[in-house]
$ cat target.txt   # compact mmCIF, C-alpha atoms
# COMPACT_ATOMS: atom_id res chain seq x y z
CA MET A 1 -60.34 16.03 -24.87
CA ILE A 2 -57.89 16.73 -27.68
CA ARG A 3 -54.92 14.46 -28.22
CA ILE A 4 -51.89 15.42 -30.26
CA ASN A 5 -48.93 13.26 -31.23
CA SER A 6 -46.32 15.76 -32.27
CA GLN A 7 -43.26 14.54 -34.19
CA ARG A 8 -40.64 17.24 -33.87
CA ASP A 9 -37.97 17.21 -36.55
CA LYS A 10 -35.47 19.67 -38.00
CA ARG A 11 -38.05 21.44 -40.13
CA MET A 12 -40.16 21.92 -37.04
CA LEU A 13 -37.12 23.33 -35.26
CA LEU A 14 -36.64 25.92 -37.99
CA THR A 15 -40.28 26.90 -37.77
CA GLU A 16 -39.96 27.16 -33.98
CA LEU A 17 -36.97 29.51 -34.39
CA ARG A 18 -38.89 31.61 -36.88
CA MET A 19 -41.81 31.83 -34.45
CA THR A 20 -39.72 32.82 -31.44
CA MET A 21 -36.93 34.97 -32.90
CA SER A 22 -37.90 38.62 -32.75
CA PHE A 23 -36.50 41.50 -34.78
CA GLY A 24 -34.86 42.83 -31.59
CA ALA A 25 -33.00 39.57 -30.90
CA VAL A 26 -31.59 39.47 -34.45
CA MET A 27 -30.49 43.11 -34.15
CA VAL A 28 -28.72 42.42 -30.82
CA LEU A 29 -26.83 39.50 -32.41
CA LEU A 30 -25.78 41.65 -35.36
CA MET A 31 -24.72 44.47 -33.02
CA LEU A 32 -22.56 42.07 -31.00
CA LEU A 33 -20.85 40.85 -34.14
CA GLY A 34 -20.37 44.46 -35.27
CA LEU A 35 -18.84 45.34 -31.90
CA SER A 36 -16.47 42.40 -32.18
CA VAL A 37 -15.32 43.56 -35.63
CA LEU A 38 -14.83 47.12 -34.30
CA CYS A 39 -12.73 45.82 -31.41
CA PHE A 40 -10.50 43.84 -33.77
CA VAL A 41 -10.12 46.88 -36.05
CA PHE A 42 -9.06 48.93 -33.03
CA CYS A 43 -6.54 46.23 -32.08
CA VAL A 44 -4.95 46.29 -35.54
CA HIS A 45 -5.03 50.10 -35.57
CA GLY A 46 -3.39 50.18 -32.14
CA VAL A 47 -0.57 47.91 -33.24
CA ARG A 48 -0.02 50.08 -36.34
CA VAL A 49 -0.01 53.33 -34.31
CA LEU A 50 2.41 51.85 -31.79
CA TYR A 51 4.73 50.83 -34.60
CA GLU A 52 4.54 54.15 -36.46
CA HIS A 53 4.98 56.37 -33.39
CA LYS A 54 7.69 54.53 -31.58
CA GLU A 55 9.10 57.82 -30.40
CA GLY A 56 5.73 59.39 -29.50
CA PHE A 57 4.21 60.12 -26.12
CA ARG A 58 4.79 57.56 -23.44
CA TYR A 59 1.18 57.79 -22.24
CA ALA A 60 -0.18 57.37 -25.76
CA ARG A 61 1.84 54.22 -26.25
CA VAL A 62 0.65 52.74 -22.97
CA MET A 63 -2.92 53.79 -23.73
CA TYR A 64 -2.93 52.12 -27.12
CA LEU A 65 -1.31 49.01 -25.71
CA VAL A 66 -3.77 48.60 -22.81
CA GLY A 67 -6.72 49.65 -24.98
CA GLY A 68 -5.66 47.17 -27.64
CA ILE A 69 -5.42 44.32 -25.12
CA ALA A 70 -8.83 45.26 -23.63
CA CYS A 71 -10.38 45.33 -27.10
CA PHE A 72 -8.72 42.03 -27.94
CA PHE A 73 -10.20 40.34 -24.84
CA THR A 74 -13.64 41.83 -25.50
CA ALA A 75 -13.55 40.84 -29.16
CA VAL A 76 -12.39 37.32 -28.36
CA SER A 77 -15.08 36.83 -25.71
CA ILE A 78 -17.78 38.06 -28.12
CA LEU A 79 -16.39 35.89 -30.90
CA ILE A 80 -16.31 32.84 -28.63
CA ARG A 81 -19.99 33.41 -27.91
CA ALA A 82 -20.75 33.82 -31.60
CA VAL A 83 -18.76 30.68 -32.48
CA ARG A 84 -20.50 28.71 -29.70
CA PHE A 85 -23.89 29.93 -30.95
CA VAL A 86 -23.07 28.95 -34.54
CA ALA A 87 -21.58 25.60 -33.40
CA ALA A 88 -24.70 24.88 -31.34
CA ALA A 89 -26.89 25.74 -34.34
CA VAL A 90 -24.76 23.60 -36.69
CA SER A 91 -24.73 20.62 -34.31
CA LEU A 92 -28.44 21.00 -33.72
CA PHE A 93 -29.22 21.01 -37.41
CA GLY A 94 -26.45 18.55 -38.26
CA LYS A 95 -27.49 15.69 -36.03
CA ARG A 96 -30.58 13.62 -36.29
CA TYR A 97 -33.30 15.38 -34.37
CA SER A 98 -36.47 13.58 -33.62
CA LEU A 99 -38.65 14.04 -30.62
CA SER A 100 -42.02 12.53 -30.10
CA GLU A 101 -44.25 14.51 -27.77
CA GLU A 102 -47.73 13.64 -26.65
CA LEU A 103 -50.08 16.45 -25.69
CA LEU A 104 -53.50 16.18 -24.12
CA PHE A 105 -55.75 19.23 -23.91
CA GLU A 106 -58.56 19.09 -21.39
CA ASP A 107 -60.94 21.63 -19.86
CA GLU A 108 -58.71 22.47 -16.89
CA GLY A 109 -55.34 22.41 -18.59
CA TYR A 110 -53.00 20.36 -20.71
CA THR A 111 -50.45 17.60 -20.24
CA SER A 112 -47.21 17.19 -22.16
CA ARG A 113 -45.10 14.01 -22.20
CA TYR A 114 -41.88 13.23 -23.99
CA THR A 115 -38.63 11.31 -23.68
CA ALA A 116 -35.44 13.05 -24.71
CA GLU A 117 -32.76 11.19 -26.69
CA ASN A 118 -30.57 10.81 -23.57
CA GLY A 119 -33.39 9.03 -21.74
CA VAL A 120 -34.62 11.95 -19.61
CA THR A 121 -38.41 11.78 -19.39
CA VAL A 122 -40.58 14.80 -18.78
CA GLU A 123 -44.26 14.95 -17.91
CA GLY A 124 -45.73 18.36 -17.25
CA ARG A 125 -49.29 19.14 -16.21
CA TYR A 126 -50.17 22.77 -16.73
CA SER A 127 -53.35 24.66 -15.98
CA TYR A 128 -54.16 27.29 -18.60
CA ALA A 129 -53.28 30.01 -16.08
CA ALA A 130 -49.65 28.85 -16.20
CA VAL A 131 -49.32 29.23 -19.97
CA LYS A 132 -47.10 32.18 -20.80
CA LYS A 133 -47.90 32.58 -24.48
CA VAL A 134 -49.20 30.83 -27.55
CA ILE A 135 -47.94 31.66 -31.04
CA THR A 136 -49.65 30.44 -34.17
CA TYR A 137 -47.84 30.44 -37.53
CA LYS A 138 -49.43 28.91 -40.62
CA ASP A 139 -50.60 25.49 -39.37
CA HIS A 140 -48.11 25.41 -36.47
CA ILE A 141 -48.87 26.18 -32.85
CA LEU A 142 -46.28 26.94 -30.15
CA ILE A 143 -47.24 26.82 -26.48
CA ALA A 144 -44.75 28.26 -24.01
CA SER A 145 -45.21 27.34 -20.35
CA PRO A 146 -42.76 27.47 -17.45
CA ASP A 147 -40.00 24.87 -18.09
CA GLN A 148 -41.52 23.65 -21.34
CA THR A 149 -42.23 24.82 -24.88
CA SER A 150 -44.29 22.59 -27.14
CA VAL A 151 -44.68 22.91 -30.91
CA PHE A 152 -47.03 20.94 -33.09
CA ARG A 153 -48.90 21.01 -36.37
CA LEU A 154 -52.67 21.03 -36.56
CA SER A 155 -52.35 17.89 -38.70
CA ASP A 156 -50.80 16.13 -35.65
CA ILE A 157 -54.18 16.11 -33.88
CA THR A 158 -55.24 12.50 -33.46
CA GLU A 159 -58.33 12.98 -31.30
CA GLY A 160 -60.65 15.98 -31.49
CA THR A 161 -60.51 18.70 -34.13
CA ALA A 162 -58.50 21.84 -34.88
CA GLU A 163 -61.64 23.94 -34.35
CA GLU A 164 -62.11 22.53 -30.84
CA LEU A 165 -58.50 23.29 -30.01
CA SER A 166 -58.75 26.83 -31.38
CA ALA A 167 -61.90 27.37 -29.32
CA ILE A 168 -60.15 26.17 -26.14
CA LEU A 169 -57.07 28.31 -26.72
CA ALA A 170 -59.07 31.42 -27.61
CA GLY A 171 -61.46 30.93 -24.71
CA LYS A 172 -58.91 30.12 -21.99
CA LEU A 173 -55.91 32.20 -23.06
CA GLY A 174 -57.42 35.26 -24.72
CA ASP A 175 -54.78 37.91 -25.36
CA ARG A 176 -51.89 35.51 -24.68
CA VAL A 177 -52.42 34.10 -28.19
CA THR A 178 -50.40 35.79 -30.94
CA HIS A 179 -50.94 35.11 -34.63
CA LYS A 180 -47.85 35.51 -36.82
CA MET B 1 -34.29 5.68 -0.83
CA VAL B 2 -33.48 9.27 0.01
CA ARG B 3 -35.88 12.15 -0.54
CA ALA B 4 -35.41 15.89 -0.32
CA ARG B 5 -37.89 18.72 -0.61
CA VAL B 6 -36.37 22.00 -1.68
CA THR B 7 -37.87 25.48 -1.88
CA TYR B 8 -35.17 27.61 -3.41
CA ASN B 9 -34.26 30.88 -1.75
CA ASP B 10 -31.34 33.32 -1.85
CA ASN B 11 -29.18 31.03 0.30
CA HIS B 12 -29.30 28.29 -2.36
CA LEU B 13 -28.22 30.77 -5.03
CA LYS B 14 -25.42 32.09 -2.83
CA ALA B 15 -24.20 28.54 -2.24
CA LEU B 16 -24.17 27.68 -5.95
CA TYR B 17 -22.46 30.97 -6.78
CA SER B 18 -19.82 30.38 -4.10
CA LEU B 19 -19.10 26.97 -5.59
CA THR B 20 -18.73 28.15 -9.18
CA LYS B 21 -17.74 31.82 -8.97
CA THR B 22 -13.93 31.76 -9.33
CA PRO B 23 -13.60 31.19 -13.10
CA TYR B 24 -16.53 33.54 -13.71
CA ILE B 25 -15.00 36.34 -11.63
CA VAL B 26 -11.50 35.93 -13.12
CA LYS B 27 -12.86 36.11 -16.67
CA LYS B 28 -14.92 39.23 -15.94
CA LEU B 29 -12.13 40.91 -13.97
CA ILE B 30 -9.60 40.58 -16.80
CA SER B 31 -11.90 42.24 -19.31
CA ASP B 32 -13.28 44.92 -16.93
CA GLY B 33 -9.85 45.66 -15.41
CA LEU B 34 -8.24 46.19 -18.80
CA TRP B 35 -11.04 48.48 -19.95
CA LEU B 36 -10.82 50.47 -16.71
CA ALA B 37 -7.05 50.85 -17.08
CA ALA B 38 -7.29 51.78 -20.77
CA SER B 39 -9.98 54.40 -20.28
CA LEU B 40 -8.29 55.89 -17.19
CA ILE B 41 -4.94 56.16 -18.96
CA ALA B 42 -6.67 57.64 -21.99
CA GLY B 43 -8.49 60.21 -19.82
CA ILE B 44 -5.34 61.21 -17.90
CA TRP B 45 -3.29 61.43 -21.09
CA LEU B 46 -5.93 63.61 -22.77
CA VAL B 47 -6.04 65.96 -19.75
CA LYS B 48 -2.23 66.31 -19.81
CA TYR B 49 -2.31 66.92 -23.56
CA GLU B 50 -5.02 69.53 -23.03
CA ILE B 51 -3.00 71.36 -20.36
CA ARG B 52 0.25 71.21 -22.30
CA TYR B 53 -1.06 72.45 -25.65
CA ARG B 54 -4.15 74.38 -24.43
CA ILE B 55 -6.37 72.88 -27.13
CA ASN B 56 -10.08 72.99 -26.34
CA THR B 57 -11.36 70.31 -28.66
CA ASP B 58 -10.83 67.22 -26.54
CA TYR B 59 -13.43 67.77 -23.81
CA PHE B 60 -15.79 65.22 -25.36
CA PHE B 61 -13.13 62.51 -25.43
CA ILE B 62 -12.02 63.32 -21.85
CA ALA B 63 -15.62 63.01 -20.67
CA LEU B 64 -16.06 59.79 -22.67
CA ALA B 65 -12.88 58.22 -21.27
CA PHE B 66 -13.77 59.01 -17.65
CA THR B 67 -17.39 57.89 -18.16
CA VAL B 68 -16.23 54.52 -19.52
CA ALA B 69 -13.75 54.25 -16.62
CA MET B 70 -16.50 55.01 -14.10
CA LEU B 71 -18.89 52.47 -15.63
CA ARG B 72 -16.21 49.76 -15.63
CA ALA B 73 -15.25 50.59 -12.04
CA TRP B 74 -18.92 50.30 -11.08
CA ASP B 75 -19.08 46.90 -12.84
CA ILE B 76 -16.03 45.69 -10.88
CA ILE B 77 -17.50 46.89 -7.57
CA LYS B 78 -20.77 45.13 -8.36
CA LEU B 79 -18.95 41.95 -9.40
CA LEU B 80 -16.87 41.81 -6.22
CA SER B 81 -19.69 42.74 -3.86
CA SER B 82 -22.31 40.41 -5.40
CA ASP B 83 -23.04 37.25 -3.45
CA LYS B 84 -25.35 35.69 -6.07
CA GLY B 85 -23.70 36.70 -9.34
CA GLU B 86 -26.25 36.68 -12.13
CA LEU B 87 -28.24 33.85 -10.58
CA LYS B 88 -31.90 34.62 -10.04
CA LEU B 89 -34.76 32.79 -8.39
CA LEU B 90 -37.53 31.47 -10.60
CA PRO B 91 -40.22 34.10 -11.22
CA TYR B 92 -42.90 31.85 -9.68
CA PRO B 93 -43.01 30.22 -6.24
CA CYS B 94 -42.46 26.47 -6.36
CA SER B 95 -40.94 23.60 -4.45
CA THR B 96 -39.10 20.62 -5.83
CA GLU B 97 -39.11 17.11 -4.48
CA ILE B 98 -36.05 15.06 -5.43
CA ILE B 99 -35.98 11.29 -5.02
CA PHE B 100 -32.74 9.28 -5.10
CA GLY B 101 -33.09 5.55 -5.59
CA GLY B 102 -33.86 2.95 -8.25
CA GLU B 103 -32.49 3.44 -11.75
CA VAL B 104 -33.35 7.10 -12.20
CA LEU B 105 -33.26 10.34 -10.27
CA GLU B 106 -36.78 11.70 -10.02
CA SER B 107 -37.82 15.30 -9.54
CA PHE B 108 -41.28 16.75 -9.02
CA LYS B 109 -41.61 20.47 -9.42
CA LEU B 110 -44.77 21.66 -7.69
CA ALA B 111 -46.05 25.16 -8.41
CA GLU B 112 -49.43 26.80 -8.04
CA ASN B 113 -50.56 26.19 -11.61
CA PHE B 114 -48.45 23.30 -12.79
CA THR B 115 -46.47 20.21 -11.85
CA VAL B 116 -43.53 18.78 -13.78
CA HIS B 117 -42.22 15.27 -13.23
CA LYS B 118 -38.78 14.51 -14.66
CA THR B 119 -36.66 11.38 -14.50
CA TYR B 120 -32.92 11.41 -15.16
CA PRO B 121 -31.04 8.13 -15.73
CA TYR B 122 -27.97 8.37 -13.48
CA GLY B 123 -25.66 7.93 -16.47
CA THR B 124 -26.86 11.23 -17.96
CA ILE B 125 -26.11 13.29 -14.86
CA ASN B 126 -23.00 15.44 -15.17
CA LYS B 127 -21.69 15.27 -11.60
CA ALA B 128 -22.62 15.53 -7.93
CA VAL B 129 -20.75 17.68 -5.43
CA GLU B 130 -20.98 17.56 -1.66
CA THR B 131 -19.87 20.54 0.44
CA MET B 132 -20.11 21.15 4.18
CA ASN B 133 -23.85 22.02 4.07
CA TYR B 134 -25.09 21.23 0.58
CA PHE B 135 -25.39 18.61 -2.14
CA PHE B 136 -25.24 19.92 -5.71
CA ILE B 137 -26.55 17.55 -8.37
CA PHE B 138 -25.50 18.91 -11.77
CA VAL B 139 -28.00 17.35 -14.17
CA GLU B 140 -26.33 19.38 -16.93
CA ALA B 141 -23.04 21.29 -16.92
CA ASN B 142 -24.84 24.51 -15.94
CA LYS B 143 -28.01 23.20 -14.34
CA ALA B 144 -28.12 21.86 -10.80
CA PHE B 145 -30.38 20.77 -7.99
CA ILE B 146 -29.16 22.46 -4.79
CA ILE B 147 -30.07 20.55 -1.66
CA HIS B 148 -29.29 21.79 1.84
CA LYS B 149 -28.52 18.86 4.10
CA SER B 150 -31.37 19.88 6.42
CA GLU B 151 -33.83 19.52 3.52
CA LEU B 152 -33.68 15.73 3.40
CA THR B 153 -37.14 14.44 4.29
CA GLU B 154 -36.40 10.71 4.09
CA GLY B 155 -33.07 8.97 4.59
CA SER B 156 -29.97 10.56 6.04
CA VAL B 157 -26.90 12.44 4.89
CA PRO B 158 -24.56 9.40 5.18
CA GLU B 159 -27.08 7.32 3.19
CA LEU B 160 -27.11 9.89 0.40
CA GLU B 161 -23.31 10.18 0.47
CA HIS B 162 -23.02 6.41 0.14
CA PHE B 163 -25.63 6.30 -2.63
CA LEU B 164 -24.01 9.09 -4.66
CA SER B 165 -20.57 7.63 -4.20
CA ALA B 166 -21.75 4.19 -5.38
CA ARG B 167 -23.79 5.52 -8.34
CA PHE B 168 -21.54 8.30 -9.59
CA GLY B 169 -18.07 6.96 -8.82
CA LYS B 170 -15.58 9.59 -9.96
CA ARG B 171 -18.41 11.96 -10.85
CA PHE B 172 -19.14 12.37 -7.13
CA ILE B 173 -16.85 15.09 -5.82
CA ASP B 174 -16.28 15.30 -2.10
CA LYS B 175 -15.72 18.91 -1.03
CA ARG B 176 -16.90 18.58 2.57
CA SER B 177 -14.01 20.72 3.73
CA VAL B 178 -15.39 23.67 1.73
CA LYS B 179 -17.49 25.88 4.00
CA ILE B 180 -20.51 26.29 1.73
$ encode --input "target.txt" --output "structure tokens"
Amino acid sequence: MIRINSQRDKRMLLTELRMTMSFGAVMVLLMLLGLSVLCFVFCVHGVRVLYEHKEGFRYARVMYLVGGIACFFTAVSILIRAVRFVAAAVSLFGKRYSLSEELLFEDEGYTSRYTAENGVTVEGRYSYAAVKKVITYKDHILIASPDQTSVFRLSDITEGTAEELSAILAGKLGDRVTHK
Amino acid sequence: MVRARVTYNDNHLKALYSLTKTPYIVKKLISDGLWLAASLIAGIWLVKYEIRYRINTDYFFIALAFTVAMLRAWDIIKLLSSDKGELKLLPYPCSTEIIFGGEVLESFKLAENFTVHKTYPYGTINKAVETMNYFFIFVEANKAFIIHKSELTEGSVPELEHFLSARFGKRFIDKRSVKI
């Protein structure tokens, strides 16, 4: 049996983000922001065109007006998402974050226990077949299972050794382990 | 004490979507409707321009405008005809036992390869809603247990109503007249 007392803090959170964020996810975020900027540019352009061609085609004026409003709504909705994302990140990193999680690795599976700051307690018992993926990064290990993702350092092991844990993970999970 | 055992299926998703869909649909319709109008007007205006001046360079933009209009129209049709919105069942079969009583709400998620036991102090729960056929316990703003009244395995509907009303006060919303 291997016992781990993981103390999750802000630094751990950053490491977790680094382990889980993929190149694709970052690109999608950047593309969304780019799209939002494009929509705003089109809005401004539309207003300018409407002003400059007051006497122009009726259809063109209506088109620019409706297109501008559509772009405005799209841009605002994307920006709201971006602002929410940034606000969530800022509040997450701004407030005190400390979570104490206990993990027990046995032959058949592992158990995770923790109490969130609002008093919600969670105890999950997972067989190794349920584990979706394991990511290792430097001395950190992330285990993603349905409903629960655990992160810990090898130095958090309080019973058993890192070699025993590596042997269990390699033996039971095989190609579900990724080394970053 | 009141217990319920829930195995989520499409009917649960439809019920939750019916309860929460109005703001979601309105938001999507504004954006999609404006884009549809803008691209249709743009397409029609470009065709008129083409006919009037016999210029052959705008075919690409005409095709683009009508393609965007078609895609947006398809989105609107999907949005209005969907009965589950973007809600999806969990990718693994599981049942959840929910226990009302004592100082915390308890849930046991039972799946083939794992079990998760969670306890929620009643103060942390966002709200509870009762409709004609369901109880919705929103443990977070966008996370809910959906219990059909026939899924109570211990205790009765009036008992649960009384319990929720006593525990949640104003956070218990009575919508029994709503046919969900």
$ closest_residue --input "target.txt" --among "B:Lys48, B:Lys84, B:Lys118, B:Lys127" --to "chain A" --atoms "only C-alpha atoms"
B:Lys118
$ interface_residues --input "target.txt" --of "chain A" --to "chain B" --cutoff "7 Å" --atoms "only C-alpha atoms" --output "list of chain:residue names"
A:Tyr59, A:Ala60, A:Met63, A:Val66, A:Gly67, A:Ala70, A:Phe73, A:Thr74, A:Asn118, A:Gly119, A:Val120, A:Thr121, A:Val122, A:Glu123, A:Gly124, A:Arg125, A:Tyr126, A:Ser127, A:Ala129, A:Ala130
$ residues_around --input "target.txt" --residues "Gly174 (chain A)" --least-positions-apart "4" --cutoff "10 Å" --atoms "all atoms listed in the file" --output "ChimeraX atom specification"
/A:133-134,168-170,178
$ closest_residue --input "target.txt" --among "A:Ala116, A:Val28, A:Glu159, A:Ile80" --to "Tyr97 (chain A)" --atoms "all atoms listed in the file"
A:Ala116
$ closest_residue --input "target.txt" --among "A:Glu163, A:Val76, A:Arg96, A:Leu17" --to "Thr149 (chain A)" --atoms "only C-alpha atoms"
A:Leu17
$ atom_distance --input "target.txt" --atom1 "CA of Ala128 (chain B)" --atom2 "CA of Ala144 (chain B)"
8.9 Å
$ decode --input "target.txt" --residues "region 29-57 of chain B" --atoms "C-alpha atoms" --output "CSV table (one decimal), in the first residue's frame"
chain,number,residue,atom,x,y,z
B,29,LEU,CA,-31.4,33.3,-31.1
B,30,ILE,CA,-30.3,36.9,-31.0
B,31,SER,CA,-26.8,36.2,-32.2
B,32,ASP,CA,-27.8,33.5,-34.8
B,33,GLY,CA,-30.8,35.6,-36.0
B,34,LEU,CA,-28.7,38.7,-36.6
B,35,TRP,CA,-26.0,36.7,-38.5
B,36,LEU,CA,-28.7,35.1,-40.6
B,37,ALA,CA,-30.3,38.4,-41.5
B,38,ALA,CA,-26.9,40.1,-42.2
B,39,SER,CA,-25.7,37.3,-44.5
B,40,LEU,CA,-29.0,37.0,-46.3
B,41,ILE,CA,-29.2,40.8,-46.9
B,42,ALA,CA,-25.6,40.8,-48.0
B,43,GLY,CA,-26.2,37.9,-50.4
B,44,ILE,CA,-29.4,39.5,-51.9
B,45,TRP,CA,-27.7,42.9,-52.2
B,46,LEU,CA,-24.7,41.3,-54.0
B,47,VAL,CA,-26.9,39.5,-56.4
B,48,LYS,CA,-28.8,42.7,-57.2
B,49,TYR,CA,-25.5,44.6,-57.7
B,50,GLU,CA,-24.3,41.8,-59.9
B,51,ILE,CA,-27.4,41.9,-62.1
B,52,ARG,CA,-27.4,45.7,-62.3
B,53,TYR,CA,-23.8,46.3,-63.2
B,54,ARG,CA,-23.0,42.8,-64.8
B,55,ILE,CA,-19.8,42.5,-62.9
B,56,ASN,CA,-18.5,38.9,-62.6
B,57,THR,CA,-16.2,39.2,-59.7
